[in-house]
$ cat protein-v5.txt   # compact mmCIF, N, CA and C atoms
# COMPACT_ATOMS: atom_id res chain seq x y z
N MET A 1 55.06 60.47 -59.77
CA MET A 1 53.67 60.23 -60.10
C MET A 1 53.49 60.04 -61.62
N ILE A 2 54.25 60.80 -62.40
CA ILE A 2 54.13 60.72 -63.85
C ILE A 2 54.49 59.31 -64.35
N TYR A 3 55.43 58.67 -63.66
CA TYR A 3 55.85 57.33 -64.09
C TYR A 3 54.75 56.30 -63.88
N TYR A 4 53.96 56.50 -62.84
CA TYR A 4 52.83 55.60 -62.62
C TYR A 4 51.74 55.81 -63.69
N CYS A 5 51.58 57.05 -64.12
CA CYS A 5 50.63 57.32 -65.21
C CYS A 5 51.11 56.68 -66.50
N ILE A 6 52.41 56.77 -66.77
CA ILE A 6 52.98 56.13 -67.96
C ILE A 6 52.80 54.61 -67.87
N LEU A 7 52.98 54.07 -66.66
CA LEU A 7 52.81 52.63 -66.46
C LEU A 7 51.37 52.21 -66.78
N LEU A 8 50.39 52.99 -66.32
CA LEU A 8 49.00 52.67 -66.62
C LEU A 8 48.73 52.77 -68.12
N LEU A 9 49.32 53.78 -68.76
CA LEU A 9 49.18 53.91 -70.21
C LEU A 9 49.80 52.70 -70.91
N MET A 10 50.95 52.27 -70.43
CA MET A 10 51.62 51.10 -71.00
C MET A 10 50.73 49.87 -70.92
N THR A 11 50.06 49.68 -69.79
CA THR A 11 49.18 48.52 -69.64
C THR A 11 47.98 48.61 -70.57
N LEU A 12 47.46 49.81 -70.76
CA LEU A 12 46.34 50.00 -71.68
C LEU A 12 46.76 49.69 -73.11
N ILE A 13 47.93 50.17 -73.50
CA ILE A 13 48.43 49.91 -74.85
C ILE A 13 48.63 48.41 -75.05
N GLY A 14 49.15 47.72 -74.04
CA GLY A 14 49.34 46.27 -74.13
C GLY A 14 48.02 45.53 -74.30
N ALA A 15 46.99 45.98 -73.60
CA ALA A 15 45.68 45.35 -73.71
C ALA A 15 45.07 45.59 -75.09
N VAL A 16 45.23 46.78 -75.62
CA VAL A 16 44.72 47.09 -76.96
C VAL A 16 45.49 46.28 -78.01
N ALA A 17 46.79 46.12 -77.80
CA ALA A 17 47.59 45.30 -78.71
C ALA A 17 47.06 43.87 -78.75
N SER A 18 46.74 43.33 -77.60
CA SER A 18 46.17 41.97 -77.54
C SER A 18 44.84 41.89 -78.27
N LEU A 19 44.06 42.95 -78.16
CA LEU A 19 42.77 43.00 -78.85
C LEU A 19 42.96 42.90 -80.36
N PHE A 20 43.92 43.65 -80.89
CA PHE A 20 44.19 43.59 -82.34
C PHE A 20 44.70 42.21 -82.74
N LEU A 21 45.53 41.60 -81.91
CA LEU A 21 46.02 40.26 -82.24
C LEU A 21 44.89 39.24 -82.18
N LYS A 22 43.97 39.42 -81.27
CA LYS A 22 42.80 38.54 -81.20
C LYS A 22 41.98 38.66 -82.49
N LYS A 23 41.81 39.90 -82.95
CA LYS A 23 41.08 40.10 -84.21
C LYS A 23 41.83 39.48 -85.38
N ALA A 24 43.15 39.56 -85.37
CA ALA A 24 43.96 38.97 -86.44
C ALA A 24 43.88 37.45 -86.42
N SER A 25 43.62 36.88 -85.26
CA SER A 25 43.59 35.42 -85.15
C SER A 25 42.44 34.79 -85.92
N GLY A 26 41.50 35.59 -86.35
CA GLY A 26 40.37 35.08 -87.11
C GLY A 26 40.68 34.85 -88.58
N ALA A 27 41.90 35.17 -88.99
CA ALA A 27 42.29 34.98 -90.39
C ALA A 27 42.26 33.49 -90.73
N GLY A 28 41.86 33.19 -91.95
CA GLY A 28 41.68 31.81 -92.37
C GLY A 28 42.97 31.01 -92.48
N GLY A 29 44.01 31.58 -92.97
CA GLY A 29 45.27 30.87 -93.16
C GLY A 29 46.44 31.80 -92.98
N ILE A 30 47.63 31.28 -93.21
CA ILE A 30 48.83 32.05 -92.98
C ILE A 30 48.94 33.24 -93.94
N VAL A 31 48.52 33.06 -95.17
CA VAL A 31 48.58 34.16 -96.14
C VAL A 31 47.62 35.28 -95.74
N GLU A 32 46.41 34.91 -95.35
CA GLU A 32 45.45 35.91 -94.88
C GLU A 32 45.96 36.61 -93.62
N LEU A 33 46.59 35.86 -92.74
CA LEU A 33 47.14 36.44 -91.52
C LEU A 33 48.21 37.48 -91.85
N ILE A 34 49.08 37.16 -92.78
CA ILE A 34 50.16 38.08 -93.16
C ILE A 34 49.58 39.36 -93.78
N LYS A 35 48.45 39.25 -94.43
CA LYS A 35 47.81 40.41 -95.05
C LYS A 35 46.92 41.19 -94.08
N ASN A 36 46.72 40.66 -92.90
CA ASN A 36 45.79 41.25 -91.94
C ASN A 36 46.42 42.44 -91.22
N LYS A 37 45.80 43.61 -91.36
CA LYS A 37 46.34 44.83 -90.74
C LYS A 37 46.32 44.76 -89.21
N ASN A 38 45.39 43.99 -88.65
CA ASN A 38 45.32 43.87 -87.20
C ASN A 38 46.58 43.23 -86.61
N LEU A 39 47.20 42.33 -87.35
CA LEU A 39 48.44 41.71 -86.92
C LEU A 39 49.52 42.77 -86.73
N TYR A 40 49.63 43.67 -87.68
CA TYR A 40 50.67 44.69 -87.64
C TYR A 40 50.37 45.77 -86.60
N LEU A 41 49.10 46.15 -86.49
CA LEU A 41 48.72 47.13 -85.46
C LEU A 41 49.01 46.57 -84.06
N GLY A 42 48.64 45.32 -83.84
CA GLY A 42 48.91 44.68 -82.56
C GLY A 42 50.40 44.60 -82.28
N GLY A 43 51.18 44.23 -83.28
CA GLY A 43 52.63 44.14 -83.11
C GLY A 43 53.26 45.48 -82.80
N ILE A 44 52.84 46.53 -83.52
CA ILE A 44 53.38 47.87 -83.28
C ILE A 44 53.03 48.34 -81.87
N LEU A 45 51.80 48.09 -81.45
CA LEU A 45 51.40 48.50 -80.10
C LEU A 45 52.15 47.72 -79.03
N TYR A 46 52.42 46.45 -79.27
CA TYR A 46 53.21 45.68 -78.32
C TYR A 46 54.63 46.23 -78.20
N VAL A 47 55.21 46.61 -79.32
CA VAL A 47 56.56 47.20 -79.29
C VAL A 47 56.53 48.52 -78.52
N LEU A 48 55.52 49.34 -78.78
CA LEU A 48 55.39 50.61 -78.05
C LEU A 48 55.25 50.35 -76.55
N SER A 49 54.45 49.38 -76.19
CA SER A 49 54.28 49.03 -74.79
C SER A 49 55.60 48.57 -74.17
N ALA A 50 56.36 47.79 -74.91
CA ALA A 50 57.66 47.32 -74.42
C ALA A 50 58.64 48.47 -74.23
N VAL A 51 58.63 49.43 -75.15
CA VAL A 51 59.52 50.59 -75.04
C VAL A 51 59.14 51.41 -73.80
N LEU A 52 57.85 51.60 -73.59
CA LEU A 52 57.41 52.31 -72.37
C LEU A 52 57.81 51.55 -71.12
N ASN A 53 57.73 50.24 -71.17
CA ASN A 53 58.13 49.41 -70.03
C ASN A 53 59.61 49.62 -69.71
N ILE A 54 60.44 49.60 -70.74
CA ILE A 54 61.87 49.82 -70.54
C ILE A 54 62.13 51.20 -69.96
N TYR A 55 61.42 52.20 -70.47
CA TYR A 55 61.57 53.57 -69.96
C TYR A 55 61.20 53.65 -68.48
N ILE A 56 60.07 53.05 -68.13
CA ILE A 56 59.60 53.10 -66.74
C ILE A 56 60.58 52.40 -65.81
N LEU A 57 61.16 51.31 -66.29
CA LEU A 57 62.11 50.56 -65.45
C LEU A 57 63.36 51.36 -65.12
N ARG A 58 63.62 52.41 -65.87
CA ARG A 58 64.75 53.29 -65.54
C ARG A 58 64.48 54.07 -64.26
N TYR A 59 63.21 54.30 -63.94
CA TYR A 59 62.85 55.18 -62.84
C TYR A 59 62.15 54.49 -61.67
N LEU A 60 61.54 53.35 -61.91
CA LEU A 60 60.84 52.63 -60.85
C LEU A 60 61.47 51.26 -60.66
N ASP A 61 61.33 50.73 -59.48
CA ASP A 61 61.86 49.41 -59.17
C ASP A 61 61.11 48.33 -59.94
N TYR A 62 61.86 47.34 -60.36
CA TYR A 62 61.30 46.19 -61.07
C TYR A 62 60.24 45.50 -60.20
N SER A 63 60.50 45.45 -58.90
CA SER A 63 59.57 44.79 -57.98
C SER A 63 58.26 45.56 -57.84
N VAL A 64 58.22 46.78 -58.33
CA VAL A 64 56.99 47.57 -58.35
C VAL A 64 56.34 47.50 -59.73
N VAL A 65 57.15 47.66 -60.77
CA VAL A 65 56.62 47.72 -62.14
C VAL A 65 55.94 46.42 -62.54
N LEU A 66 56.62 45.31 -62.32
CA LEU A 66 56.06 44.04 -62.80
C LEU A 66 54.70 43.71 -62.17
N PRO A 67 54.54 43.81 -60.85
CA PRO A 67 53.20 43.54 -60.31
C PRO A 67 52.14 44.50 -60.82
N LEU A 68 52.51 45.75 -61.02
CA LEU A 68 51.50 46.72 -61.47
C LEU A 68 51.11 46.54 -62.93
N THR A 69 51.90 45.80 -63.68
CA THR A 69 51.49 45.52 -65.06
C THR A 69 50.24 44.64 -65.10
N SER A 70 49.88 44.07 -63.97
CA SER A 70 48.65 43.26 -63.93
C SER A 70 47.40 44.14 -64.12
N PHE A 71 47.57 45.46 -64.11
CA PHE A 71 46.44 46.33 -64.43
C PHE A 71 45.97 46.10 -65.86
N THR A 72 46.79 45.44 -66.66
CA THR A 72 46.38 45.06 -68.01
C THR A 72 45.11 44.22 -67.96
N TYR A 73 44.95 43.43 -66.90
CA TYR A 73 43.76 42.58 -66.77
C TYR A 73 42.48 43.40 -66.68
N ILE A 74 42.56 44.56 -66.08
CA ILE A 74 41.37 45.43 -66.00
C ILE A 74 40.98 45.87 -67.40
N TRP A 75 41.96 46.37 -68.14
CA TRP A 75 41.68 46.84 -69.51
C TRP A 75 41.18 45.68 -70.37
N THR A 76 41.80 44.52 -70.22
CA THR A 76 41.42 43.37 -71.03
C THR A 76 39.98 42.95 -70.75
N LEU A 77 39.60 42.95 -69.50
CA LEU A 77 38.23 42.59 -69.13
C LEU A 77 37.25 43.58 -69.75
N PHE A 78 37.58 44.86 -69.65
CA PHE A 78 36.71 45.90 -70.21
C PHE A 78 36.61 45.79 -71.72
N LEU A 79 37.76 45.65 -72.40
CA LEU A 79 37.77 45.58 -73.86
C LEU A 79 37.08 44.32 -74.38
N SER A 80 37.30 43.20 -73.70
CA SER A 80 36.68 41.95 -74.17
C SER A 80 35.16 42.01 -74.02
N GLY A 81 34.69 42.70 -73.00
CA GLY A 81 33.25 42.83 -72.81
C GLY A 81 32.60 43.82 -73.76
N THR A 82 33.27 44.96 -73.98
CA THR A 82 32.65 46.01 -74.79
C THR A 82 32.87 45.82 -76.28
N ILE A 83 34.06 45.42 -76.68
CA ILE A 83 34.36 45.34 -78.11
C ILE A 83 34.12 43.93 -78.67
N LEU A 84 34.53 42.91 -77.93
CA LEU A 84 34.37 41.54 -78.42
C LEU A 84 33.06 40.90 -77.97
N ASN A 85 32.31 41.62 -77.16
CA ASN A 85 31.02 41.13 -76.64
C ASN A 85 31.15 39.80 -75.91
N GLU A 86 32.25 39.61 -75.24
CA GLU A 86 32.41 38.40 -74.43
C GLU A 86 31.64 38.57 -73.13
N LYS A 87 31.20 37.47 -72.58
CA LYS A 87 30.43 37.51 -71.34
C LYS A 87 31.38 37.73 -70.16
N ILE A 88 31.08 38.76 -69.38
CA ILE A 88 31.87 39.07 -68.19
C ILE A 88 31.09 38.57 -66.98
N THR A 89 31.61 37.55 -66.35
CA THR A 89 30.92 36.96 -65.21
C THR A 89 31.44 37.56 -63.90
N LYS A 90 30.70 37.33 -62.85
CA LYS A 90 31.14 37.77 -61.52
C LYS A 90 32.44 37.09 -61.14
N LYS A 91 32.59 35.86 -61.56
CA LYS A 91 33.80 35.10 -61.27
C LYS A 91 35.03 35.77 -61.91
N LYS A 92 34.89 36.21 -63.15
CA LYS A 92 35.99 36.90 -63.82
C LYS A 92 36.32 38.22 -63.12
N ILE A 93 35.30 38.96 -62.78
CA ILE A 93 35.51 40.23 -62.09
C ILE A 93 36.19 40.00 -60.75
N PHE A 94 35.74 39.01 -60.02
CA PHE A 94 36.34 38.70 -58.71
C PHE A 94 37.81 38.30 -58.88
N GLY A 95 38.11 37.52 -59.90
CA GLY A 95 39.49 37.12 -60.15
C GLY A 95 40.38 38.31 -60.45
N VAL A 96 39.90 39.22 -61.27
CA VAL A 96 40.68 40.42 -61.59
C VAL A 96 40.87 41.29 -60.34
N VAL A 97 39.84 41.41 -59.55
CA VAL A 97 39.95 42.19 -58.30
C VAL A 97 41.02 41.59 -57.39
N LEU A 98 41.05 40.28 -57.28
CA LEU A 98 42.07 39.63 -56.45
C LEU A 98 43.48 39.86 -56.99
N VAL A 99 43.64 39.78 -58.29
CA VAL A 99 44.95 40.02 -58.91
C VAL A 99 45.41 41.46 -58.64
N ILE A 100 44.52 42.40 -58.82
CA ILE A 100 44.87 43.81 -58.62
C ILE A 100 45.17 44.06 -57.15
N PHE A 101 44.37 43.50 -56.26
CA PHE A 101 44.63 43.65 -54.84
C PHE A 101 46.02 43.12 -54.48
N GLY A 102 46.35 41.97 -55.02
CA GLY A 102 47.68 41.40 -54.76
C GLY A 102 48.79 42.26 -55.32
N ALA A 103 48.59 42.80 -56.51
CA ALA A 103 49.61 43.66 -57.13
C ALA A 103 49.84 44.92 -56.31
N VAL A 104 48.76 45.51 -55.84
CA VAL A 104 48.88 46.72 -55.03
C VAL A 104 49.57 46.43 -53.72
N CYS A 105 49.27 45.29 -53.12
CA CYS A 105 49.93 44.91 -51.86
C CYS A 105 51.43 44.74 -52.06
N ILE A 106 51.81 44.11 -53.17
CA ILE A 106 53.24 43.91 -53.44
C ILE A 106 53.94 45.23 -53.74
N ALA A 107 53.25 46.11 -54.46
CA ALA A 107 53.85 47.38 -54.89
C ALA A 107 54.02 48.36 -53.74
N ARG A 108 53.24 48.22 -52.70
CA ARG A 108 53.33 49.16 -51.58
C ARG A 108 54.52 48.78 -50.78
$ encode --input "protein-v5.txt" --output "structure tokens"
Amino acid sequence: MIYYCILLLMTLIGAVASLFLKKASGAGGIVELIKNKNLYLGGILYVLSAVLNIYILRYLDYSVVLPLTSFTYIWTLFLSGTILNEKITKKKIFGVVLVIFGAVCIAR
């Protein structure tokens, strides 16, 4: 059970990493991008997420871990709506629900 909790944490960290990279993408040019702290925070979080992924793969089957990483879409939808103020439509929610349903079916 602990490995599934770590997997969910890994997906959350990956989604937050993407959020920082999205914020870094607003830099005007390459020099500004290199100076942007969001680029480095996003990169560090992605590495942490990858390390957790490798750790989890030691204990869970790849055929279970990979589909369950789609839980990142839940976090991404939530973060994009709350922090980036992006519009969350019913269509987007329905799409994420279908992806999660499929992942759970494969993982069982």
$ residues_around --input "protein-v5.txt" --residues "region 76-83 of chain A" --least-positions-apart "5" --cutoff "7 Å" --atoms "all atoms listed in the file" --output "mmCIF file with N, CA and C atoms, keeping the file's coordinate frame"
data_model
loop_
_atom_site.group_PDB
_atom_site.id
_atom_site.type_symbol
_atom_site.label_atom_id
_atom_site.label_comp_id
_atom_site.auth_asym_id
_atom_site.auth_seq_id
_atom_site.Cartn_x
_atom_site.Cartn_y
_atom_site.Cartn_z
ATOM 1 N N ALA A 15 46.990 45.980 -73.600
ATOM 2 C CA ALA A 15 45.680 45.350 -73.710
ATOM 3 C C ALA A 15 45.070 45.590 -75.090
ATOM 4 N N VAL A 16 45.230 46.780 -75.620
ATOM 5 C CA VAL A 16 44.720 47.090 -76.960
ATOM 6 C C VAL A 16 45.490 46.280 -78.010
ATOM 7 N N PHE A 71 47.570 45.460 -64.110
ATOM 8 C CA PHE A 71 46.440 46.330 -64.430
ATOM 9 C C PHE A 71 45.970 46.100 -65.860
ATOM 10 N N ILE A 88 31.080 38.760 -69.380
ATOM 11 C CA ILE A 88 31.870 39.070 -68.190
ATOM 12 C C ILE A 88 31.090 38.570 -66.980
#
$ residues_around --input "protein-v5.txt" --residues "Val47 (chain A)" --least-positions-apart "4" --cutoff "12 Å" --atoms "only C-alpha atoms" --output "list in words"
Met10, Ile13, Gly14, Ala17, Ser18, Tyr40, Leu41, Gly42, Gly43, Val51, Leu52, Asn53 and Ile54 of chain A
$ closest_residue --input "protein-v5.txt" --among "A:Thr69, A:Lys35, A:Lys92, A:Gly26" --to "Leu57 (chain A)" --atoms "only C-alpha atoms"
A:Thr69
$ residues_around --input "protein-v5.txt" --residues "Val104 (chain A)" --least-positions-apart "4" --cutoff "9 Å" --atoms "only C-alpha atoms" --output "list in words"
Val64, Pro67, Leu68, Val99, Ile100 and Arg108 of chain A
$ atom_distance --input "protein-v5.txt" --atom1 "CA of Ile30 (chain A)" --atom2 "atom N of Leu48 (chain A)"
23.4 Å
$ residues_near_point --input "protein-v5.txt" --point "(43.5, 41.4, -64.0)" --cutoff "6.5 Å" --atoms "all atoms listed in the file" --output "ChimeraX atom specification"
/A:70-74,95-97,99-100
$ atom_distance --input "protein-v5.txt" --atom1 "CA of Arg58 (chain A)" --atom2 "CA of Met1 (chain A)"
14.2 Å
$ select_by_dssp --input "protein-v5.txt" --residues "region 8-79 of chain A" --states "alpha helix (DSSP H)" --output "JSON, numbers by chain"
{"A": [8, 9, 10, 11, 12, 13, 14, 15, 16, 17, 18, 19, 20, 21, 22, 23, 24, 30, 31, 32, 33, 34, 35, 37, 38, 39, 40, 41, 42, 43, 44, 45, 46, 47, 48, 49, 50, 51, 52, 53, 54, 55, 56, 57, 62, 63, 64, 65, 66, 67, 68, 72, 73, 74, 75, 76, 77, 78, 79]}
$ atom_distance --input "protein-v5.txt" --atom1 "CA of Phe20 (chain A)" --atom2 "CA of Asn38 (chain A)"
5.0 Å
$ closest_residue --input "protein-v5.txt" --among "A:Leu19, A:Leu33, A:Ala27, A:Leu7" --to "Ser49 (chain A)" --atoms "only C-alpha atoms"
A:Leu7
$ closest_residue --input "protein-v5.txt" --among "A:Trp75, A:Ile44, A:Val31, A:Leu60" --to "Leu9 (chain A)" --atoms "only C-alpha atoms"
A:Trp75
